[in-house]
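Have a look at model-v4.cif below; it lists mmCIF, C-alpha atoms (C1' of nucleotides).
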```cif
data_coords
loop_
_atom_site.label_atom_id
_atom_site.label_comp_id
_atom_site.auth_asym_id
_atom_site.auth_seq_id
_atom_site.Cartn_x
_atom_site.Cartn_y
_atom_site.Cartn_z
CA MET A 1 21.29 -43.21 -29.79
CA LYS A 2 19.65 -45.27 -27.10
CA LEU A 3 19.04 -45.48 -23.39
CA SER A 4 19.74 -48.93 -21.93
CA LEU A 5 17.05 -50.86 -20.08
CA ARG A 6 19.14 -50.32 -16.98
CA GLY A 7 18.78 -46.56 -17.34
CA GLU A 8 15.09 -46.79 -18.10
CA TYR A 9 14.48 -48.97 -15.04
CA ALA A 10 16.35 -46.47 -12.91
CA LEU A 11 14.04 -43.68 -14.05
CA ARG A 12 10.96 -45.80 -13.46
CA ALA A 13 12.12 -46.66 -9.96
CA LEU A 14 12.75 -42.99 -9.20
CA LEU A 15 9.26 -42.16 -10.42
CA VAL A 16 7.87 -44.50 -7.77
CA LEU A 17 10.17 -43.15 -5.07
CA GLY A 18 9.29 -39.61 -6.06
CA ALA A 19 5.59 -40.30 -5.69
CA CYS A 20 6.23 -41.65 -2.16
CA TYR A 21 8.58 -38.87 -1.13
CA GLY A 22 8.06 -37.78 2.48
CA GLN A 23 6.33 -41.03 3.38
CA GLU A 24 7.94 -44.25 4.54
CA VAL A 25 10.71 -46.09 2.76
CA VAL A 26 9.68 -48.27 -0.25
CA ARG A 27 10.69 -51.92 -0.64
CA ILE A 28 12.41 -53.23 -3.79
CA GLN A 29 9.66 -55.82 -4.04
CA SER A 30 7.02 -53.14 -4.24
CA ILE A 31 8.82 -51.12 -6.93
CA SER A 32 9.52 -54.29 -8.85
CA GLN A 33 5.83 -55.21 -8.91
CA GLN A 34 4.47 -51.76 -9.68
CA GLN A 35 6.90 -51.20 -12.52
CA ASN A 36 7.26 -54.71 -13.82
CA ILE A 37 11.04 -54.86 -13.36
CA PRO A 38 12.95 -58.10 -12.49
CA LYS A 39 13.56 -57.84 -8.76
CA ARG A 40 17.18 -58.99 -8.59
CA PHE A 41 18.11 -56.70 -11.45
CA LEU A 42 16.37 -53.76 -9.81
CA GLU A 43 18.32 -54.53 -6.65
CA GLN A 44 21.53 -53.87 -8.53
CA ILE A 45 20.21 -50.68 -10.07
CA LEU A 46 19.02 -49.21 -6.77
CA ASN A 47 22.37 -50.01 -5.26
CA ASP A 48 24.03 -48.13 -8.07
CA LEU A 49 21.71 -45.15 -7.55
CA LYS A 50 22.65 -45.25 -3.90
CA ALA A 51 26.37 -45.20 -4.70
CA GLY A 52 25.61 -42.12 -6.78
CA GLY A 53 23.94 -40.39 -3.85
CA ILE A 54 20.58 -40.29 -5.61
CA VAL A 55 18.71 -42.61 -3.24
CA GLU A 56 19.34 -43.85 0.28
CA SER A 57 18.30 -47.05 1.98
CA ARG A 58 17.37 -48.61 5.29
CA ARG A 59 18.16 -52.26 5.92
CA GLY A 60 16.37 -54.88 7.92
CA ILE A 61 12.79 -55.97 8.17
CA SER A 62 11.19 -52.59 7.66
CA GLY A 63 13.86 -51.49 5.24
CA GLY A 64 13.61 -50.05 1.75
CA TYR A 65 14.63 -47.11 -0.37
CA ARG A 66 13.83 -43.42 -0.58
CA LEU A 67 15.18 -40.42 -2.47
CA ALA A 68 18.33 -38.96 -0.95
CA ARG A 69 17.32 -35.43 -2.03
CA ARG A 70 14.12 -33.57 -2.79
CA PRO A 71 12.53 -34.67 -6.09
CA GLU A 72 12.92 -31.14 -7.48
CA GLU A 73 16.66 -31.41 -7.04
CA ILE A 74 17.15 -34.62 -9.02
CA THR A 75 17.44 -33.96 -12.75
CA LEU A 76 17.09 -36.62 -15.43
CA ALA A 77 20.47 -35.51 -16.74
CA ALA A 78 22.13 -36.37 -13.42
CA VAL A 79 20.46 -39.78 -13.31
CA ILE A 80 21.27 -40.71 -16.89
CA ARG A 81 24.85 -39.45 -16.61
CA HIS A 82 25.34 -41.57 -13.52
CA MET A 83 23.81 -44.71 -14.98
CA GLU A 84 24.94 -44.46 -18.59
CA GLY A 85 27.68 -41.90 -18.96
CA ALA A 86 27.63 -39.18 -21.60
CA LEU A 87 24.43 -37.59 -22.90
CA ALA A 88 26.27 -36.59 -26.08
CA PRO A 89 25.98 -38.80 -29.18
CA VAL A 90 29.76 -38.74 -29.69
CA SER A 91 32.23 -38.30 -26.86
CA CYS A 92 34.21 -35.57 -28.59
CA VAL A 93 31.33 -33.17 -27.82
CA SER A 94 30.81 -34.32 -24.24
CA ASP A 95 31.68 -31.95 -21.41
CA ARG A 96 32.25 -34.47 -18.62
CA PHE A 97 33.07 -37.59 -20.65
CA TYR A 98 35.19 -36.00 -23.35
CA GLU A 99 37.38 -38.24 -25.47
CA LYS A 100 39.39 -37.24 -28.51
CA CYS A 101 38.08 -38.70 -31.74
CA SER A 102 39.97 -40.03 -34.73
CA CYS A 103 38.95 -37.35 -37.22
CA PRO A 104 41.72 -35.31 -38.85
CA ASP A 105 40.94 -31.99 -37.11
CA GLU A 106 38.43 -31.90 -34.31
CA SER A 107 38.30 -28.13 -34.12
CA ARG A 108 37.18 -27.92 -37.76
CA CYS A 109 34.95 -30.97 -37.87
CA ALA A 110 31.52 -30.28 -39.37
CA ILE A 111 30.01 -33.44 -37.93
CA ARG A 112 31.17 -32.44 -34.51
CA SER A 113 29.42 -29.11 -34.81
CA VAL A 114 26.10 -30.78 -35.63
CA MET A 115 26.54 -33.31 -32.85
CA LYS A 116 27.12 -30.41 -30.49
CA GLU A 117 23.67 -29.11 -31.42
CA VAL A 118 22.17 -32.50 -30.66
CA ARG A 119 23.99 -32.69 -27.37
CA ASP A 120 22.81 -29.23 -26.36
CA ALA A 121 19.21 -30.09 -27.16
CA VAL A 122 19.32 -33.31 -25.14
CA VAL A 123 21.08 -31.65 -22.22
CA ALA A 124 18.59 -28.77 -22.18
CA ILE A 125 15.61 -31.11 -21.88
CA THR A 126 17.09 -33.55 -19.38
CA GLU A 127 18.66 -30.82 -17.26
CA ARG A 128 15.43 -28.90 -16.81
CA THR A 129 13.32 -32.00 -16.12
CA THR A 130 13.41 -33.32 -12.55
CA VAL A 131 11.94 -36.32 -10.78
CA ALA A 132 9.34 -33.90 -9.39
CA ASP A 133 8.33 -32.96 -12.95
CA LEU A 134 8.08 -36.61 -13.83
CA CYS A 135 5.73 -37.17 -10.89
CA ALA A 136 3.64 -34.14 -11.79
CA ARG A 137 3.26 -35.36 -15.36
CA SER A 138 2.35 -38.77 -14.10
CA ARG A 139 -0.42 -37.35 -11.90
CA ILE A 140 -1.82 -35.39 -14.83
CA LEU A 141 -1.67 -38.36 -17.20
CA ASN A 142 -3.45 -40.56 -14.68
CA ALA A 143 -6.13 -38.03 -13.77
CA VAL A 144 -7.49 -38.26 -17.29
CA PRO A 145 -9.04 -41.27 -19.06
CA ALA A 146 -6.69 -43.25 -21.29
CA PRO A 147 -6.08 -41.05 -24.39
CA SER A 148 -6.85 -43.53 -27.14
CA LEU A 149 -10.07 -44.97 -25.73
CA ASP A 150 -13.38 -43.24 -26.24
CA TYR A 151 -16.03 -43.84 -23.65
CA MET A 152 -19.79 -43.21 -23.36
CA ILE A 153 -22.23 -42.97 -20.55
CA MET B 1 22.62 -42.25 -25.95
CA LYS B 2 25.45 -42.84 -28.39
CA LEU B 3 26.28 -43.12 -32.07
CA SER B 4 28.47 -46.13 -32.93
CA LEU B 5 31.83 -45.67 -34.65
CA ARG B 6 30.27 -47.33 -37.64
CA GLY B 7 27.70 -44.55 -37.88
CA GLU B 8 30.27 -41.85 -37.32
CA TYR B 9 32.53 -43.28 -40.04
CA ALA B 10 29.57 -43.33 -42.42
CA LEU B 11 28.98 -39.63 -41.85
CA ARG B 12 32.64 -38.82 -42.29
CA ALA B 13 32.76 -40.76 -45.55
CA LEU B 14 29.68 -38.93 -46.81
CA LEU B 15 31.30 -35.61 -45.96
CA VAL B 16 34.17 -36.51 -48.30
CA LEU B 17 31.82 -37.72 -51.03
CA GLY B 18 29.71 -34.59 -50.62
CA ALA B 19 32.73 -32.37 -51.12
CA CYS B 20 33.56 -34.21 -54.35
CA TYR B 21 30.01 -34.29 -55.64
CA GLY B 22 29.81 -33.71 -59.40
CA GLN B 23 33.44 -34.67 -59.91
CA GLU B 24 34.84 -38.13 -60.46
CA VAL B 25 34.24 -41.13 -58.28
CA VAL B 26 36.30 -41.39 -55.02
CA ARG B 27 38.31 -44.48 -54.03
CA ILE B 28 37.89 -46.16 -50.62
CA GLN B 29 41.64 -45.80 -50.17
CA SER B 30 41.39 -42.04 -50.50
CA ILE B 31 38.50 -41.68 -48.05
CA SER B 32 40.24 -44.01 -45.64
CA GLN B 33 43.39 -41.88 -45.65
CA GLN B 34 41.68 -38.49 -45.48
CA GLN B 35 39.44 -39.52 -42.64
CA ASN B 36 41.69 -41.91 -40.80
CA ILE B 37 39.30 -44.88 -41.02
CA PRO B 38 40.47 -48.54 -41.28
CA LYS B 39 40.17 -49.38 -44.98
CA ARG B 40 38.60 -52.82 -44.75
CA PHE B 41 36.07 -51.59 -42.22
CA LEU B 42 35.18 -48.60 -44.37
CA GLU B 43 34.67 -51.01 -47.26
CA GLN B 44 31.90 -52.68 -45.29
CA ILE B 45 30.31 -49.38 -44.34
CA LEU B 46 30.26 -48.00 -47.88
CA ASN B 47 28.71 -51.24 -49.06
CA ASP B 48 26.01 -50.81 -46.48
CA LEU B 49 25.40 -47.22 -47.57
CA LYS B 50 25.13 -48.53 -51.11
CA ALA B 51 22.53 -51.10 -50.09
CA GLY B 52 20.60 -48.21 -48.55
CA GLY B 53 20.65 -46.28 -51.81
CA ILE B 54 22.70 -43.48 -50.30
CA VAL B 55 25.84 -43.96 -52.39
CA GLU B 56 26.62 -45.75 -55.65
CA SER B 57 29.81 -47.29 -56.94
CA ARG B 58 31.83 -48.07 -60.03
CA ARG B 59 34.08 -51.12 -60.09
CA GLY B 60 37.35 -51.77 -61.81
CA ILE B 61 40.53 -49.87 -62.14
CA SER B 62 39.08 -46.39 -62.15
CA GLY B 63 36.34 -47.34 -59.73
CA GLY B 64 35.16 -45.73 -56.50
CA TYR B 65 32.11 -44.28 -54.79
CA ARG B 66 29.91 -41.24 -55.19
CA LEU B 67 26.64 -40.02 -53.69
CA ALA B 68 23.57 -41.62 -55.23
CA ARG B 69 21.55 -38.42 -54.77
CA ARG B 70 22.25 -34.71 -54.48
CA PRO B 71 23.89 -33.75 -51.18
CA GLU B 72 20.91 -31.52 -50.31
CA GLU B 73 18.64 -34.54 -50.49
CA ILE B 74 20.55 -36.71 -48.01
CA THR B 75 19.60 -35.94 -44.42
CA LEU B 76 21.60 -37.04 -41.39
CA ALA B 77 18.41 -38.60 -40.05
CA ALA B 78 18.19 -40.89 -43.08
CA VAL B 79 21.83 -41.92 -42.78
CA ILE B 80 21.71 -42.61 -39.05
CA ARG B 81 18.42 -44.45 -39.32
CA HIS B 82 19.89 -46.66 -42.01
CA MET B 83 23.12 -47.40 -40.17
CA GLU B 84 21.88 -47.53 -36.57
CA GLY B 85 18.14 -47.77 -36.40
CA ALA B 86 15.97 -45.55 -34.22
CA LEU B 87 16.85 -41.95 -33.40
CA ALA B 88 14.64 -42.15 -30.29
CA PRO B 89 16.26 -42.90 -26.91
CA VAL B 90 13.65 -45.56 -26.13
CA SER B 91 11.88 -47.54 -28.83
CA CYS B 92 8.39 -46.95 -27.39
CA VAL B 93 8.63 -43.36 -28.73
CA SER B 94 10.05 -44.29 -32.12
CA ASP B 95 7.92 -43.82 -35.22
CA ARG B 96 9.60 -46.32 -37.54
CA PHE B 97 11.20 -48.66 -35.02
CA TYR B 98 8.43 -48.76 -32.44
CA GLU B 99 8.47 -51.51 -29.84
CA LYS B 100 6.18 -51.88 -26.84
CA CYS B 101 7.92 -51.37 -23.53
CA SER B 102 7.43 -53.17 -20.24
CA CYS B 103 5.97 -50.27 -18.26
CA PRO B 104 2.51 -50.72 -16.76
CA ASP B 105 0.70 -48.24 -19.02
CA GLU B 106 2.50 -46.76 -21.97
CA SER B 107 -0.20 -44.22 -22.73
CA ARG B 108 0.15 -42.70 -19.26
CA CYS B 109 3.92 -43.04 -18.85
CA ALA B 110 5.59 -39.84 -17.72
CA ILE B 111 9.04 -41.00 -18.78
CA ARG B 112 7.74 -41.74 -22.23
CA SER B 113 6.43 -38.21 -22.55
CA VAL B 114 9.83 -36.72 -21.73
CA MET B 115 11.60 -39.14 -24.05
CA LYS B 116 9.22 -38.03 -26.79
CA GLU B 117 10.52 -34.48 -26.32
CA VAL B 118 14.08 -35.72 -26.65
CA ARG B 119 13.22 -37.70 -29.74
CA ASP B 120 11.52 -34.71 -31.36
CA ALA B 121 14.53 -32.50 -30.69
CA VAL B 122 16.97 -35.01 -32.16
CA VAL B 123 14.77 -35.68 -35.18
CA ALA B 124 14.32 -31.96 -35.83
CA ILE B 125 18.06 -31.35 -35.97
CA THR B 126 19.05 -34.43 -37.96
CA GLU B 127 16.14 -34.11 -40.36
CA ARG B 128 16.90 -30.51 -41.32
CA THR B 129 20.66 -31.10 -41.65
CA THR B 130 21.86 -32.56 -44.95
CA VAL B 131 25.18 -33.70 -46.34
CA ALA B 132 25.21 -30.40 -48.25
CA ASP B 133 24.94 -28.50 -44.94
CA LEU B 134 27.76 -30.59 -43.54
CA CYS B 135 29.95 -29.65 -46.50
CA ALA B 136 29.05 -25.98 -46.21
CA ARG B 137 29.95 -25.97 -42.52
CA SER B 138 33.16 -27.72 -43.30
CA ARG B 139 34.12 -25.08 -45.86
CA ILE B 140 33.41 -22.31 -43.35
CA LEU B 141 35.34 -24.00 -40.55
CA ASN B 142 38.33 -24.52 -42.83
CA ALA B 143 38.33 -21.00 -44.26
CA VAL B 144 39.12 -19.62 -40.81
CA PRO B 145 42.23 -20.18 -38.65
CA ALA B 146 41.90 -22.89 -36.00
CA PRO B 147 39.61 -21.44 -33.28
CA SER B 148 41.66 -22.12 -30.19
CA LEU B 149 45.04 -20.96 -31.44
CA ASP B 150 45.98 -17.30 -31.43
CA TYR B 151 48.45 -16.18 -34.03
CA MET B 152 50.63 -13.11 -34.61
CA ILE B 153 52.37 -11.63 -37.62
"C1'" DT C 1 45.66 -59.64 -70.04
"C1'" DT C 2 46.59 -57.61 -66.10
"C1'" DA C 3 46.56 -54.46 -62.38
"C1'" DT C 4 43.40 -52.08 -59.61
"C1'" DA C 5 39.57 -51.31 -57.86
"C1'" DC C 6 34.91 -52.91 -55.63
"C1'" DT C 7 32.05 -57.28 -53.62
"C1'" DC C 8 30.62 -60.65 -50.55
"C1'" DG C 9 30.68 -63.74 -46.86
"C1'" DA C 10 32.82 -65.60 -43.10
"C1'" DC C 11 35.50 -65.15 -39.04
"C1'" DT C 12 37.21 -63.33 -34.52
"C1'" DA C 13 38.24 -60.92 -30.32
"C1'" DT C 14 36.44 -58.03 -27.09
"C1'" DG C 15 32.98 -55.85 -24.62
"C1'" DT C 16 28.28 -54.70 -23.08
"C1'" DC C 17 23.60 -55.85 -21.65
"C1'" DA C 18 20.36 -57.95 -18.95
"C1'" DA C 19 19.94 -60.49 -16.00
"C1'" DT C 20 20.63 -64.66 -12.30
"C1'" DT C 21 22.73 -66.69 -8.34
"C1'" DG C 22 24.51 -67.29 -3.82
"C1'" DA C 23 26.23 -65.93 0.42
"C1'" DG C 24 26.34 -62.33 3.83
"C1'" DA C 25 25.02 -58.30 6.88
"C1'" DT C 26 21.18 -55.39 9.32
"C1'" DT C 27 17.24 -54.60 11.60
"C1'" DG C 28 12.65 -54.98 14.10
"C1'" DA C 29 9.66 -57.97 16.24
"C1'" DT C 30 8.84 -61.83 19.29
"C1'" DA D 1 18.45 -64.78 21.48
"C1'" DT D 2 16.16 -65.98 17.49
"C1'" DC D 3 13.93 -65.39 13.31
"C1'" DA D 4 12.41 -63.59 9.12
"C1'" DA D 5 12.39 -59.94 6.00
"C1'" DT D 6 15.10 -56.85 3.94
"C1'" DC D 7 19.20 -54.71 1.84
"C1'" DT D 8 24.41 -55.72 0.18
"C1'" DC D 9 27.99 -57.31 -2.63
"C1'" DA D 10 30.59 -60.07 -5.83
"C1'" DA D 11 30.71 -63.36 -9.26
"C1'" DT D 12 28.80 -65.70 -13.27
"C1'" DT D 13 26.20 -66.40 -17.40
"C1'" DG D 14 24.30 -66.33 -22.18
"C1'" DA D 15 23.15 -63.65 -25.88
"C1'" DC D 16 24.26 -60.15 -28.71
"C1'" DA D 17 26.70 -56.06 -30.66
"C1'" DT D 18 30.88 -53.73 -31.95
"C1'" DA D 19 34.94 -53.04 -34.44
"C1'" DG D 20 37.54 -55.02 -37.07
"C1'" DT D 21 40.20 -58.63 -40.22
"C1'" DC D 22 40.71 -61.97 -43.97
"C1'" DG D 23 40.35 -64.32 -48.32
"C1'" DA D 24 38.53 -65.41 -52.52
"C1'" DG D 25 35.92 -63.50 -56.24
"C1'" DT D 26 34.17 -60.10 -59.94
"C1'" DA D 27 34.26 -56.07 -62.97
"C1'" DT D 28 36.69 -52.73 -65.78
"C1'" DA D 29 39.97 -49.50 -68.00
"C1'" DA D 30 44.29 -49.32 -70.02
#
```
Output the file's structure in the form of structure tokens.
Amino acid sequence: MKLSLRGEYALRALLVLGACYGQEVVRIQSISQQQNIPKRFLEQILNDLKAGGIVESRRGISGGYRLARRPEEITLAAVIRHMEGALAPVSCVSDRFYEKCSCPDESRCAIRSVMKEVRDAVVAITERTTVADLCARSRILNAVPAPSLDYMI
Amino acid sequence: MKLSLRGEYALRALLVLGACYGQEVVRIQSISQQQNIPKRFLEQILNDLKAGGIVESRRGISGGYRLARRPEEITLAAVIRHMEGALAPVSCVSDRFYEKCSCPDESRCAIRSVMKEVRDAVVAITERTTVADLCARSRILNAVPAPSLDYMI
DNA sequence: TTATACTCGACTATGTCAATTGAGATTGAT
DNA sequence: ATCAATCTCAATTGACATAGTCGAGTATAA
């Protein structure tokens, strides 16, 4: 029931690119430092996001990456599906990555029906949350002092 | 975002044991055939469920397995947590399997806050669904003709 | 006492994850 | 034209997980 590091890094990189949307292109180096992600690994991930049409790049000395679409148009579901595959916990309840399972009768499988609920819940959240939402949340979280630390004048 | 086959097999085995609750003990052989699970692999899984206090066994010629508690007391969350670990998509939002992540500031991480929503949704569903619910659903699904096939007299 | 279960540990083949490495192609500035 | 910074692309690696398999052993009812 887990997201790989690869997928998590992709989201973190998109958070940075979302925050810089409309401005210049952002270098891998810069994302790598801000988000604490191994540079050569991030390279691979951004390339993959590019192949998926989620980001675009410019090469050469003033090169870098930017979002290929508006942040409001990029859902977490789309990103995770592209990087990881199915959102569903078992592929017999996945819409786009469906695979038949080994159970005796899929259409009457009780486990399947519960997993469908889980899938729907996950899809609902990740489909309605966009990179723009992520950026907005980030701004709010950073406008306020760190939650767990009290402070006095 | 996926359940392993191991975890799925565990749930399917528990569905069988739940349906036979109160009756005699059930042999691995029988579960293996009903649910189409490799016998020697299932052996391992049932042993693991036993170590987790979820099932109990009797050895010898009329041996087999049964649930260690009432079906209403065994939640899917407990089973999955025992077999697979965290329900959360990233371990920095897991209650019982928490691990620090590499992002610059966990307390202000926007991704974390979305992943917390996902976690809560998954936990809510798996925590309220028990083996007894699974069995009840199964009875309903099997009392009715297969959903996708029309039939005539 | 014996056949039929469960028990336990080791073993294996395959695949995935998380990188690392190296060579190449573009681009802007000088 | 040259150079340096940047993206691009393919291959490789080591560690670990997954999905089994195998064999010898132990308990128990008939």
>> Show me, as number ranges by chain, the residues of chain A whose atoms get within 6 Å of chain B, using all atoms listed in the file for the distance check.
In response: A: 1-3, 35, 87, 89, 103, 108, 110, 118, 122, 134, 137-138, 141
Just write the chosen residues, C-alpha atoms, as a PDB file, keeping the file's coordinate frame.
```pdb
ATOM      1  CA  MET A   1      21.290 -43.210 -29.790  1.00  0.00           C
ATOM      2  CA  LYS A   2      19.650 -45.270 -27.100  1.00  0.00           C
ATOM      3  CA  LEU A   3      19.040 -45.480 -23.390  1.00  0.00           C
ATOM      4  CA  GLN A  35       6.900 -51.200 -12.520  1.00  0.00           C
ATOM      5  CA  LEU A  87      24.430 -37.590 -22.900  1.00  0.00           C
ATOM      6  CA  PRO A  89      25.980 -38.800 -29.180  1.00  0.00           C
ATOM      7  CA  CYS A 103      38.950 -37.350 -37.220  1.00  0.00           C
ATOM      8  CA  ARG A 108      37.180 -27.920 -37.760  1.00  0.00           C
ATOM      9  CA  ALA A 110      31.520 -30.280 -39.370  1.00  0.00           C
ATOM     10  CA  VAL A 118      22.170 -32.500 -30.660  1.00  0.00           C
ATOM     11  CA  VAL A 122      19.320 -33.310 -25.140  1.00  0.00           C
ATOM     12  CA  LEU A 134       8.080 -36.610 -13.830  1.00  0.00           C
ATOM     13  CA  ARG A 137       3.260 -35.360 -15.360  1.00  0.00           C
ATOM     14  CA  SER A 138       2.350 -38.770 -14.100  1.00  0.00           C
ATOM     15  CA  LEU A 141      -1.670 -38.360 -17.200  1.00  0.00           C
TER      16      LEU A 141
END
```
> Taking the file as shown, what set of residues would the PyMOL selection byres ((chain B) within 7 of (chain C)) give back, as a ChimeraX atom specification?
Replying inline: /B:59-63
> Mind telling me what the PyMOL selection byres ((chain A) within 12 of (chain D)) catches here, as a ChimeraX atom specification?
Replying inline: /A:25-29,40,43-44,46-48,50-51,56-65
> Exactly which residues make up the result of the PyMOL selection byres ((chain A and resi 70) around 10) on this file, given as a list in words?
Replying inline: Gly18, Tyr21, Gly22, Ile54, Leu67, Ala68, Arg69, Pro71, Glu72, Glu73, Ile74, Thr130, Val131 and Ala132 of chain A
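Since chain A and chain B are the same sequence, their C-alpha atoms pair in order, and the RMSD after least-squares superposition is 0.1 Å.
The spacing separating atom CA of Ala19 of chain A from atom CA of Val93 of chain B amounts to 23.4 Å.
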